[in-house]
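> Next comes the structure file query_39.csv, holding CSV, C-alpha atoms.
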chain,number,residue,atom,x,y,z
A,1,MET,CA,0.0,0.0,0.0
A,2,THR,CA,1.5,3.3,-1.0
A,3,GLN,CA,1.6,6.2,1.4
A,4,GLN,CA,-1.0,8.1,-0.7
A,5,ARG,CA,-3.3,5.1,-1.0
A,6,SER,CA,-3.0,4.6,2.8
A,7,GLU,CA,-4.0,8.1,3.5
A,8,GLU,CA,-7.0,7.9,1.2
A,9,THR,CA,-8.2,4.8,3.0
A,10,ARG,CA,-7.8,6.5,6.3
A,11,ALA,CA,-9.9,9.5,5.1
A,12,THR,CA,-12.5,7.1,3.6
A,13,ILE,CA,-12.9,5.4,7.0
A,14,LEU,CA,-13.3,8.7,8.8
A,15,ASP,CA,-16.0,9.9,6.3
A,16,ALA,CA,-17.8,6.6,6.7
A,17,ALA,CA,-17.7,6.8,10.5
A,18,VAL,CA,-19.2,10.2,10.4
A,19,ARG,CA,-22.1,8.9,8.4
A,20,ARG,CA,-22.6,5.8,10.5
A,21,PHE,CA,-22.4,7.7,13.9
A,22,SER,CA,-24.8,10.3,12.5
A,23,ILE,CA,-27.4,7.7,11.4
A,24,SER,CA,-27.2,5.1,14.1
A,25,GLY,CA,-25.5,7.0,17.0
A,26,TYR,CA,-22.2,6.1,18.5
A,27,ASP,CA,-23.2,3.1,20.5
A,28,ALA,CA,-25.2,1.3,17.8
A,29,ALA,CA,-22.6,1.9,15.0
A,30,SER,CA,-20.2,-1.1,14.9
A,31,VAL,CA,-16.8,-1.4,13.3
A,32,ASP,CA,-18.4,-3.8,10.8
A,33,ASP,CA,-21.0,-1.1,9.8
A,34,ILE,CA,-18.2,1.5,9.3
A,35,CYS,CA,-16.1,-1.0,7.2
A,36,ALA,CA,-19.2,-1.8,5.1
A,37,GLU,CA,-20.0,1.9,4.6
A,38,ALA,CA,-16.4,2.6,3.7
A,39,GLY,CA,-16.0,-0.4,1.5
A,40,VAL,CA,-12.8,-1.5,3.3
A,41,SER,CA,-11.8,-4.7,5.1
A,42,LYS,CA,-11.5,-4.9,8.9
A,43,GLY,CA,-7.8,-5.5,8.4
A,44,ALA,CA,-7.6,-2.1,6.7
A,45,PHE,CA,-9.6,-0.5,9.5
A,46,TYR,CA,-7.4,-1.9,12.3
A,47,HIS,CA,-4.3,-0.9,10.4
A,48,HIS,CA,-5.4,2.7,10.8
A,49,PHE,CA,-7.4,2.7,14.1
A,50,GLU,CA,-7.1,0.6,17.2
A,51,THR,CA,-10.8,0.9,18.2
A,52,LYS,CA,-14.0,2.6,17.3
A,53,GLN,CA,-13.3,5.1,20.0
A,54,ALA,CA,-10.0,6.0,18.3
A,55,VAL,CA,-12.0,7.0,15.2
A,56,PHE,CA,-14.4,9.0,17.2
A,57,LEU,CA,-11.7,10.9,19.0
A,58,GLN,CA,-9.8,11.6,15.8
A,59,LEU,CA,-13.0,13.1,14.3
A,60,LEU,CA,-13.5,15.3,17.4
A,61,GLU,CA,-9.8,16.4,17.2
A,62,GLU,CA,-10.1,17.3,13.5
A,63,TRP,CA,-13.3,19.2,14.0
A,64,LEU,CA,-11.9,21.3,16.9
A,65,GLN,CA,-8.7,22.0,15.0
A,66,GLN,CA,-10.8,23.3,12.1
A,67,LEU,CA,-12.8,25.5,14.4
A,68,ASP,CA,-9.6,26.9,15.9
A,69,ALA,CA,-8.2,27.6,12.5
A,70,ASP,CA,-11.4,29.4,11.4
A,71,LEU,CA,-11.3,31.5,14.5
A,72,GLN,CA,-7.7,32.5,14.1
A,73,ALA,CA,-8.3,33.3,10.4
A,74,ALA,CA,-11.2,35.5,11.2
A,75,LEU,CA,-9.2,37.4,13.9
A,76,GLY,CA,-6.2,37.7,11.7
A,77,GLU,CA,-8.1,39.4,8.9
A,78,ALA,CA,-10.0,41.9,11.1
A,79,PRO,CA,-8.7,45.4,11.9
A,80,THR,CA,-10.1,45.3,15.5
A,81,VAL,CA,-11.0,42.6,18.0
A,82,VAL,CA,-14.7,43.6,17.7
A,83,ASP,CA,-14.6,43.2,14.0
A,84,GLY,CA,-12.8,39.9,14.5
A,85,LEU,CA,-15.5,38.6,16.8
A,86,LEU,CA,-18.3,39.6,14.5
A,87,GLY,CA,-16.4,38.2,11.5
A,88,MET,CA,-16.0,34.9,13.4
A,89,ALA,CA,-19.7,34.8,14.0
A,90,ALA,CA,-20.4,35.5,10.3
A,91,ARG,CA,-18.1,32.5,9.3
A,92,THR,CA,-20.2,30.0,11.2
A,93,ARG,CA,-22.4,29.6,8.2
A,94,GLY,CA,-20.0,26.9,7.0
A,95,VAL,CA,-20.4,25.1,10.4
A,96,PHE,CA,-24.1,24.9,10.1
A,97,SER,CA,-24.3,24.0,6.4
A,98,ALA,CA,-21.6,21.3,6.7
A,99,ALA,CA,-23.1,18.5,4.6
A,100,ASP,CA,-20.8,15.9,6.1
A,101,GLY,CA,-22.8,15.5,9.3
A,102,ARG,CA,-20.1,16.5,11.7
A,103,LEU,CA,-22.3,18.8,13.6
A,104,SER,CA,-24.9,16.1,14.0
A,105,ILE,CA,-22.5,13.8,15.8
A,106,LEU,CA,-21.4,16.5,18.2
A,107,LEU,CA,-24.3,15.6,20.5
A,108,GLU,CA,-23.0,12.0,20.4
A,109,PHE,CA,-19.6,13.2,21.6
A,110,TRP,CA,-21.3,15.2,24.4
A,111,ALA,CA,-23.5,12.3,25.5
A,112,GLN,CA,-20.5,10.0,25.5
A,113,ALA,CA,-18.4,12.5,27.5
A,114,ARG,CA,-20.7,12.0,30.4
A,115,LYS,CA,-20.0,8.3,30.5
A,116,ASP,CA,-16.5,7.9,29.3
A,117,PRO,CA,-13.6,9.7,31.1
A,118,VAL,CA,-11.4,9.6,28.0
A,119,VAL,CA,-14.0,11.3,25.8
A,120,TRP,CA,-14.6,13.7,28.7
A,121,GLU,CA,-11.0,14.7,28.8
A,122,ARG,CA,-10.9,15.3,25.1
A,123,THR,CA,-14.3,17.1,25.0
A,124,ILE,CA,-14.1,19.3,28.1
A,125,ALA,CA,-10.5,20.3,27.9
A,126,PRO,CA,-11.2,22.1,24.5
A,127,PHE,CA,-14.1,24.0,26.1
A,128,ARG,CA,-11.8,25.3,28.8
A,129,ARG,CA,-9.0,26.0,26.2
A,130,ASN,CA,-11.4,28.0,24.0
A,131,ARG,CA,-12.6,29.9,27.0
A,132,GLU,CA,-9.0,30.9,27.7
A,133,ALA,CA,-8.5,31.9,24.0
A,134,PHE,CA,-11.6,34.0,24.1
A,135,ALA,CA,-10.5,35.7,27.2
A,136,GLY,CA,-7.1,36.6,25.6
A,137,ILE,CA,-8.9,38.0,22.6
A,138,ILE,CA,-11.2,40.2,24.8
A,139,ARG,CA,-8.2,41.4,26.8
A,140,LYS,CA,-6.6,42.5,23.5
A,141,GLY,CA,-9.8,44.3,22.5
A,142,ILE,CA,-9.7,46.2,25.8
A,143,GLU,CA,-6.1,47.1,25.3
A,144,GLU,CA,-6.6,48.3,21.7
A,145,GLY,CA,-9.7,50.2,22.9
A,146,SER,CA,-12.4,48.6,20.8
A,147,LEU,CA,-14.0,47.1,23.9
A,148,ALA,CA,-14.8,48.7,27.3
A,149,SER,CA,-13.0,47.5,30.4
A,150,VAL,CA,-15.1,44.4,31.1
A,151,ASP,CA,-14.2,41.3,33.1
A,152,ALA,CA,-12.5,39.3,30.3
A,153,ASP,CA,-13.1,35.9,32.0
A,154,LYS,CA,-16.8,36.5,32.4
A,155,ALA,CA,-17.1,37.9,28.9
A,156,ALA,CA,-15.2,34.9,27.5
A,157,GLN,CA,-17.5,32.5,29.4
A,158,ALA,CA,-20.5,34.4,28.0
A,159,LEU,CA,-19.2,34.0,24.5
A,160,MET,CA,-18.5,30.3,25.0
A,161,SER,CA,-22.0,29.8,26.4
A,162,ILE,CA,-23.6,31.5,23.3
A,163,VAL,CA,-21.6,29.4,20.9
A,164,VAL,CA,-22.3,26.1,22.7
A,165,GLY,CA,-26.0,26.9,23.1
A,166,ILE,CA,-26.5,27.8,19.5
A,167,ILE,CA,-24.6,24.8,18.2
A,168,LEU,CA,-26.8,22.6,20.4
A,169,GLN,CA,-30.0,24.1,19.1
A,170,GLY,CA,-28.6,23.9,15.6
A,171,VAL,CA,-28.1,20.2,16.1
A,172,LEU,CA,-31.5,19.5,17.6
A,173,ASP,CA,-33.6,21.8,15.5
A,174,PRO,CA,-31.8,22.6,12.2
A,175,GLU,CA,-34.9,24.1,10.6
A,176,GLY,CA,-35.8,26.1,13.7
A,177,ALA,CA,-33.9,29.2,12.8
A,178,ARG,CA,-31.1,30.5,10.5
A,179,TRP,CA,-28.5,29.6,13.2
A,180,ASP,CA,-25.6,31.3,11.5
A,181,ARG,CA,-27.6,34.5,11.7
A,182,VAL,CA,-28.6,33.8,15.3
A,183,ILE,CA,-24.9,33.6,16.2
A,184,GLN,CA,-24.2,36.9,14.5
A,185,ASP,CA,-27.1,38.7,16.1
A,186,THR,CA,-26.4,37.3,19.6
A,187,VAL,CA,-22.6,37.9,19.5
A,188,GLY,CA,-23.4,41.4,18.2
A,189,MET,CA,-25.8,42.0,21.2
A,190,LEU,CA,-23.2,40.7,23.6
A,191,VAL,CA,-20.4,42.8,22.2
A,192,GLN,CA,-22.7,45.7,22.6
A,193,GLY,CA,-23.2,44.7,26.3
A,194,MET,CA,-19.4,44.5,26.6
A,195,GLY,CA,-19.3,48.2,25.9
A,196,ARG,CA,-18.4,48.0,22.2
A,197,LYS,CA,-16.9,51.3,21.0
A,198,ALA,CA,-17.2,52.6,17.4
A,199,SER,CA,-14.4,51.1,15.3
B,1,MET,CA,-54.2,-0.1,46.3
B,2,THR,CA,-55.4,3.1,47.8
B,3,GLN,CA,-55.1,6.3,45.7
B,4,GLN,CA,-52.4,7.7,48.0
B,5,ARG,CA,-50.4,4.5,47.9
B,6,SER,CA,-50.7,4.4,44.1
B,7,GLU,CA,-49.4,8.0,43.8
B,8,GLU,CA,-46.5,7.2,46.1
B,9,THR,CA,-45.6,4.2,43.9
B,10,ARG,CA,-45.7,6.3,40.8
B,11,ALA,CA,-43.4,8.9,42.4
B,12,THR,CA,-41.0,6.2,43.6
B,13,ILE,CA,-40.8,4.8,40.0
B,14,LEU,CA,-40.1,8.3,38.6
B,15,ASP,CA,-37.3,8.9,41.2
B,16,ALA,CA,-35.8,5.5,40.4
B,17,ALA,CA,-35.9,6.1,36.7
B,18,VAL,CA,-34.0,9.4,37.1
B,19,ARG,CA,-31.2,7.6,39.0
B,20,ARG,CA,-31.0,4.7,36.5
B,21,PHE,CA,-31.1,7.0,33.4
B,22,SER,CA,-28.4,9.1,35.0
B,23,ILE,CA,-26.1,6.2,35.8
B,24,SER,CA,-26.6,4.0,32.8
B,25,GLY,CA,-28.0,6.3,30.2
B,26,TYR,CA,-31.4,6.0,28.6
B,27,ASP,CA,-30.7,3.1,26.2
B,28,ALA,CA,-28.9,0.9,28.7
B,29,ALA,CA,-31.4,1.4,31.6
B,30,SER,CA,-34.1,-1.3,31.4
B,31,VAL,CA,-37.5,-1.5,32.9
B,32,ASP,CA,-36.2,-4.3,35.1
B,33,ASP,CA,-33.4,-2.0,36.3
B,34,ILE,CA,-35.9,0.7,37.2
B,35,CYS,CA,-38.2,-1.8,39.0
B,36,ALA,CA,-35.2,-3.1,41.0
B,37,GLU,CA,-34.1,0.4,41.9
B,38,ALA,CA,-37.6,1.4,42.9
B,39,GLY,CA,-38.3,-1.9,44.7
B,40,VAL,CA,-41.6,-2.4,42.8
B,41,SER,CA,-42.9,-5.2,40.7
B,42,LYS,CA,-43.1,-5.0,36.9
B,43,GLY,CA,-46.9,-5.3,37.3
B,44,ALA,CA,-46.8,-2.1,39.4
B,45,PHE,CA,-44.6,-0.4,36.8
B,46,TYR,CA,-46.9,-1.2,33.9
B,47,HIS,CA,-49.9,-0.2,36.0
B,48,HIS,CA,-48.5,3.4,35.9
B,49,PHE,CA,-46.5,3.6,32.6
B,50,GLU,CA,-47.0,1.9,29.3
B,51,THR,CA,-43.3,2.0,28.4
B,52,LYS,CA,-39.9,3.1,29.5
B,53,GLN,CA,-40.3,6.0,27.1
B,54,ALA,CA,-43.5,7.1,28.8
B,55,VAL,CA,-41.5,7.5,32.1
B,56,PHE,CA,-38.9,9.4,30.3
B,57,LEU,CA,-41.4,11.8,28.7
B,58,GLN,CA,-43.2,12.3,32.0
B,59,LEU,CA,-39.8,13.3,33.7
B,60,LEU,CA,-39.2,15.8,30.9
B,61,GLU,CA,-42.7,17.2,31.2
B,62,GLU,CA,-42.4,17.7,35.0
B,63,TRP,CA,-38.9,19.3,34.6
B,64,LEU,CA,-40.1,21.8,32.0
B,65,GLN,CA,-43.2,22.7,34.1
B,66,GLN,CA,-41.0,23.4,37.1
B,67,LEU,CA,-38.8,25.6,35.0
B,68,ASP,CA,-41.8,27.5,33.7
B,69,ALA,CA,-43.2,28.0,37.2
B,70,ASP,CA,-39.8,29.3,38.4
B,71,LEU,CA,-39.6,31.7,35.6
B,72,GLN,CA,-43.2,33.0,36.1
B,73,ALA,CA,-42.5,33.4,39.9
B,74,ALA,CA,-39.3,35.4,39.3
B,75,LEU,CA,-41.1,37.7,36.9
B,76,GLY,CA,-44.1,38.1,39.1
B,77,GLU,CA,-42.1,39.3,42.0
B,78,ALA,CA,-39.9,41.8,40.1
B,79,PRO,CA,-40.8,45.5,39.7
B,80,THR,CA,-39.5,45.6,36.1
B,81,VAL,CA,-38.7,43.2,33.3
B,82,VAL,CA,-35.0,43.8,33.7
B,83,ASP,CA,-35.2,43.0,37.4
B,84,GLY,CA,-37.3,39.9,36.5
B,85,LEU,CA,-34.7,38.6,34.0
B,86,LEU,CA,-31.9,39.1,36.5
B,87,GLY,CA,-34.0,37.5,39.2
B,88,MET,CA,-34.7,34.5,37.0
B,89,ALA,CA,-31.0,34.1,36.4
B,90,ALA,CA,-30.3,34.3,40.1
B,91,ARG,CA,-32.8,31.5,40.8
B,92,THR,CA,-31.0,29.0,38.6
B,93,ARG,CA,-28.9,28.0,41.6
B,94,GLY,CA,-31.6,25.5,42.4
B,95,VAL,CA,-31.3,24.0,38.9
B,96,PHE,CA,-27.6,23.4,39.1
B,97,SER,CA,-27.5,22.1,42.7
B,98,ALA,CA,-30.5,19.8,42.2
B,99,ALA,CA,-29.3,16.6,43.8
B,100,ASP,CA,-31.9,14.4,42.1
B,101,GLY,CA,-29.9,14.2,38.9
B,102,ARG,CA,-32.5,15.7,36.6
B,103,LEU,CA,-30.0,18.0,35.0
B,104,SER,CA,-27.7,15.0,34.2
B,105,ILE,CA,-30.4,13.2,32.3
B,106,LEU,CA,-31.1,16.3,30.2
B,107,LEU,CA,-28.3,15.3,27.8
B,108,GLU,CA,-30.0,11.9,27.4
B,109,PHE,CA,-33.2,13.6,26.4
B,110,TRP,CA,-31.4,15.7,23.9
B,111,ALA,CA,-29.4,12.8,22.4
B,112,GLN,CA,-32.7,10.8,22.2
B,113,ALA,CA,-34.5,13.7,20.5
B,114,ARG,CA,-32.2,13.4,17.5
B,115,LYS,CA,-33.2,9.8,17.0
B,116,ASP,CA,-36.8,9.6,18.2
B,117,PRO,CA,-39.5,11.8,16.7
B,118,VAL,CA,-41.8,11.6,19.7
B,119,VAL,CA,-39.0,12.8,22.1
B,120,TRP,CA,-38.1,15.4,19.5
B,121,GLU,CA,-41.6,16.8,19.5
B,122,ARG,CA,-41.6,17.0,23.3
B,123,THR,CA,-38.1,18.5,23.5
B,124,ILE,CA,-38.1,21.0,20.7
B,125,ALA,CA,-41.6,22.3,21.1
B,126,PRO,CA,-40.7,23.6,24.6
B,127,PHE,CA,-37.6,25.3,23.2
B,128,ARG,CA,-39.8,27.2,20.7
B,129,ARG,CA,-42.4,27.9,23.4
B,130,ASN,CA,-39.9,29.3,25.7
B,131,ARG,CA,-38.4,31.5,23.0
B,132,GLU,CA,-41.9,32.9,22.4
B,133,ALA,CA,-42.4,33.5,26.2
B,134,PHE,CA,-39.0,35.3,26.4
B,135,ALA,CA,-40.0,37.5,23.4
B,136,GLY,CA,-43.2,38.5,25.1
B,137,ILE,CA,-41.3,39.4,28.3
B,138,ILE,CA,-38.8,41.5,26.3
B,139,ARG,CA,-41.6,43.3,24.5
B,140,LYS,CA,-43.1,44.1,27.9
B,141,GLY,CA,-39.7,45.5,29.0
B,142,ILE,CA,-39.6,47.7,25.9
B,143,GLU,CA,-43.2,49.0,26.6
B,144,GLU,CA,-42.5,49.7,30.2
B,145,GLY,CA,-39.2,51.4,29.3
B,146,SER,CA,-36.8,49.2,31.2
B,147,LEU,CA,-35.3,47.9,27.9
B,148,ALA,CA,-34.4,49.9,24.8
B,149,SER,CA,-36.2,49.2,21.6
B,150,VAL,CA,-34.4,46.0,20.5
B,151,ASP,CA,-35.7,43.3,18.2
B,152,ALA,CA,-37.6,41.2,20.7
B,153,ASP,CA,-37.4,37.9,18.7
B,154,LYS,CA,-33.6,38.2,18.3
B,155,ALA,CA,-33.1,39.1,21.9
B,156,ALA,CA,-35.3,36.2,23.0
B,157,GLN,CA,-33.3,33.8,20.8
B,158,ALA,CA,-30.1,35.2,22.4
B,159,LEU,CA,-31.5,34.5,25.9
B,160,MET,CA,-32.5,31.0,25.0
B,161,SER,CA,-29.1,30.3,23.6
B,162,ILE,CA,-27.4,31.5,26.7
B,163,VAL,CA,-29.6,29.4,28.9
B,164,VAL,CA,-29.2,26.3,26.8
B,165,GLY,CA,-25.5,26.7,26.4
B,166,ILE,CA,-24.9,27.2,30.1
B,167,ILE,CA,-27.1,24.2,31.1
B,168,LEU,CA,-25.2,22.0,28.6
B,169,GLN,CA,-21.8,23.1,30.1
B,170,GLY,CA,-23.2,22.6,33.6
B,171,VAL,CA,-24.2,19.0,32.7
B,172,LEU,CA,-20.8,18.2,31.1
B,173,ASP,CA,-18.5,20.1,33.4
B,174,PRO,CA,-20.3,20.6,36.8
B,175,GLU,CA,-17.0,21.6,38.5
B,176,GLY,CA,-15.8,23.9,35.6
B,177,ALA,CA,-17.5,27.0,36.9
B,178,ARG,CA,-20.1,28.3,39.3
B,179,TRP,CA,-22.7,27.9,36.6
B,180,ASP,CA,-25.5,29.8,38.4
B,181,ARG,CA,-23.2,32.8,38.6
B,182,VAL,CA,-22.2,32.4,35.0
B,183,ILE,CA,-25.9,32.6,34.0
B,184,GLN,CA,-26.3,35.8,36.2
B,185,ASP,CA,-23.2,37.4,34.7
B,186,THR,CA,-24.1,36.5,31.1
B,187,VAL,CA,-27.7,37.5,31.3
B,188,GLY,CA,-26.6,40.8,32.9
B,189,MET,CA,-24.2,41.4,30.0
B,190,LEU,CA,-26.8,40.6,27.4
B,191,VAL,CA,-29.4,42.8,29.1
B,192,GLN,CA,-26.8,45.6,29.0
B,193,GLY,CA,-26.4,44.9,25.3
B,194,MET,CA,-30.2,45.2,24.9
B,195,GLY,CA,-29.9,48.7,26.0
B,196,ARG,CA,-30.8,48.2,29.7
B,197,LYS,CA,-32.0,51.4,31.3
B,198,ALA,CA,-31.5,52.3,34.9
B,199,SER,CA,-34.5,50.9,36.9
Would you write out, as structure tokens, the structure that this file holds?


Amino acid sequence: MTQQRSEETRATILDAAVRRFSISGYDAASVDDICAEAGVSKGAFYHHFETKQAVFLQLLEEWLQQLDADLQAALGEAPTVVDGLLGMAARTRGVFSAADGRLSILLEFWAQARKDPVVWERTIAPFRRNREAFAGIIRKGIEEGSLASVDADKAAQALMSIVVGIILQGVLDPEGARWDRVIQDTVGMLVQGMGRKAS
Amino acid sequence: MTQQRSEETRATILDAAVRRFSISGYDAASVDDICAEAGVSKGAFYHHFETKQAVFLQLLEEWLQQLDADLQAALGEAPTVVDGLLGMAARTRGVFSAADGRLSILLEFWAQARKDPVVWERTIAPFRRNREAFAGIIRKGIEEGSLASVDADKAAQALMSIVVGIILQGVLDPEGARWDRVIQDTVGMLVQGMGRKAS
């Protein structure tokens, strides 16, 4: 198996796992199901992943890395922190329209986290890490003068809560609202509450 | 079986179900488990509930009714809508310290809602109903002059998102923050962003 071929197989398995987890849920989706969906042998599966859980954690990891990269890109492009936060909110359209079903397995990750310490560690640590990152961004906004002098930790927690709450509603009720717009409106309102200054 | 005895049995089954769902999750908890935990016969169980799902939906119903009642009480006591919203946030301490494990099964409800149309209907309808209730409250605040003239529907969606996001984090990471204080701080910041006026 060439390196390239091997990487393609790995990617095929990950895509198939997203679909099976999304349709059947994590518990009910077996390695056999994932192999059948991917059109690969169990040998090929276990060449790449030790367990079903390893696939699951890899998906989580990739998804969080993508979110981090999107956030950093939005902030990098913006002239001020306030613009960066609003730009970040505007970019969430991609998250909600993602056709590959990643969003729909997020609830599976969360439900698993309550029962599985390994998943918990990999699910909750990023929450805390993101909260820290948000706090740093807000402190920068206060320094540059685009935000009033708010408590950065509280404001970061508020931002996290909004993001988490809207993603959850987007998973449960995709047709209930234009969730990307809800994020924009809500972050806008919160930034206003943080004493946004004209930029 | 007297009426009173029968009601006690029903309550015992509901309490036992909360514990079993919380420990094992909804799927893994069987009617046998719940009967063993409650110390009742299967005959007694099926006298009160047709299925495990019926118990589950009854728990959800009671929990949402309690939340509604708490909300109405907080608003009824407050001189202005802004005070009412902040008072409501302050009351959430009871939600997060509830020792009976109701909060911890909420994630089970949500995970089930994605897979089960009946649970979906009973889980998502209250989300939409609460959003409507919040919008009415905010409109009242605008009329009485304690809130600036914001878009009530957007503000209500923002409030819902905060509540949902913080409850989810509270379920997943009970020790990660004083979640009742996070709700107070975040609602306070959002109310500020809605153009709170001095009351």

> Could you check which of B:Gly136, B:Gly176, B:Pro79, B:Gly170 is closest to B:Leu106, using all atoms listed in the file?

B:Gly170

> List as a ChimeraX atom specification the protein and nucleic acid residues near B:Cys35, meaning an atom at most 12 Å away when all atoms listed in the file are counted, but skip any in the same chain fewer than 6 places from it.

/B:9-10,12-17,19-20,29,41-46,48-49,52

> Restrict the calculation to only C-alpha atoms, then for each residue of chain A with any atom at most 7 Å from an atom of chain B give the closest atom pair and their distance in Å to one decimal, rows by chain and rising residue number, as a tab-separated table.


residue	atom	partner	partner_atom	distance
A:Leu107	CA	B:Ala111	CA	6.1
A:Glu108	CA	B:Ala111	CA	6.8
A:Ala111	CA	B:Leu107	CA	6.1
A:Arg114	CA	B:Leu172	CA	6.2
A:Ile124	CA	B:Asp173	CA	6.9
A:Lys154	CA	B:Asp185	CA	6.9
A:Ala158	CA	B:Thr186	CA	5.2
A:Ser161	CA	B:Gly165	CA	4.7
A:Ile162	CA	B:Ile162	CA	5.1
A:Val164	CA	B:Gly165	CA	4.9
A:Gly165	CA	B:Gly165	CA	3.3
A:Ile166	CA	B:Ser161	CA	5.5
A:Leu172	CA	B:Arg114	CA	6.1
A:Asp173	CA	B:Ile124	CA	6.9
A:Asp185	CA	B:Lys154	CA	6.9
A:Thr186	CA	B:Ala158	CA	5.1
A:Met189	CA	B:Gly193	CA	5.1
A:Leu190	CA	B:Leu190	CA	5.2
A:Gln192	CA	B:Gly193	CA	4.6
A:Gly193	CA	B:Gly193	CA	3.4
A:Met194	CA	B:Met189	CA	6.6

> So how many Å separate atom CA of B:Pro126 and atom CA of B:Gln72, to one decimal?

15.1 Å

> Which residue is closest to B:His47? Choose from B:Ser6, B:Ser146, B:Asp83, B:Arg131 and count all atoms listed in the file.

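Of the candidates, the smallest distance to B:His47 is held by B:Ser6.
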
> I need every residue sitting at most 12 Å from the point (-18.5, 27.2, 9.2) (coordinates as in the file, all atoms listed in the file considered), written as a PyMOL selection string.

chain A and resi 63-64+66-71+73-74+87-100+102-103+167+179-181+183

> Mind pulling up the distance from atom CA of A:Pro117 to atom CA of A:Glu50?

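Taking atom CA of A:Glu50 and atom CA of A:Pro117, their separation equals 17.8 Å.
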
> For atom CA of B:Glu37 and atom CA of B:Thr51, quote the distance in Å rounded to one decimal.

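Spanning atom CA of B:Glu37 to atom CA of B:Thr51 is a straight-line distance of 16.4 Å.
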
> With distances taken over only C-alpha atoms, which residue among B:Val18, B:Val119, B:Leu86, B:Val81 lies nearest B:Gly141?

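For B:Gly141, the nearest of the given residues is B:Val81.
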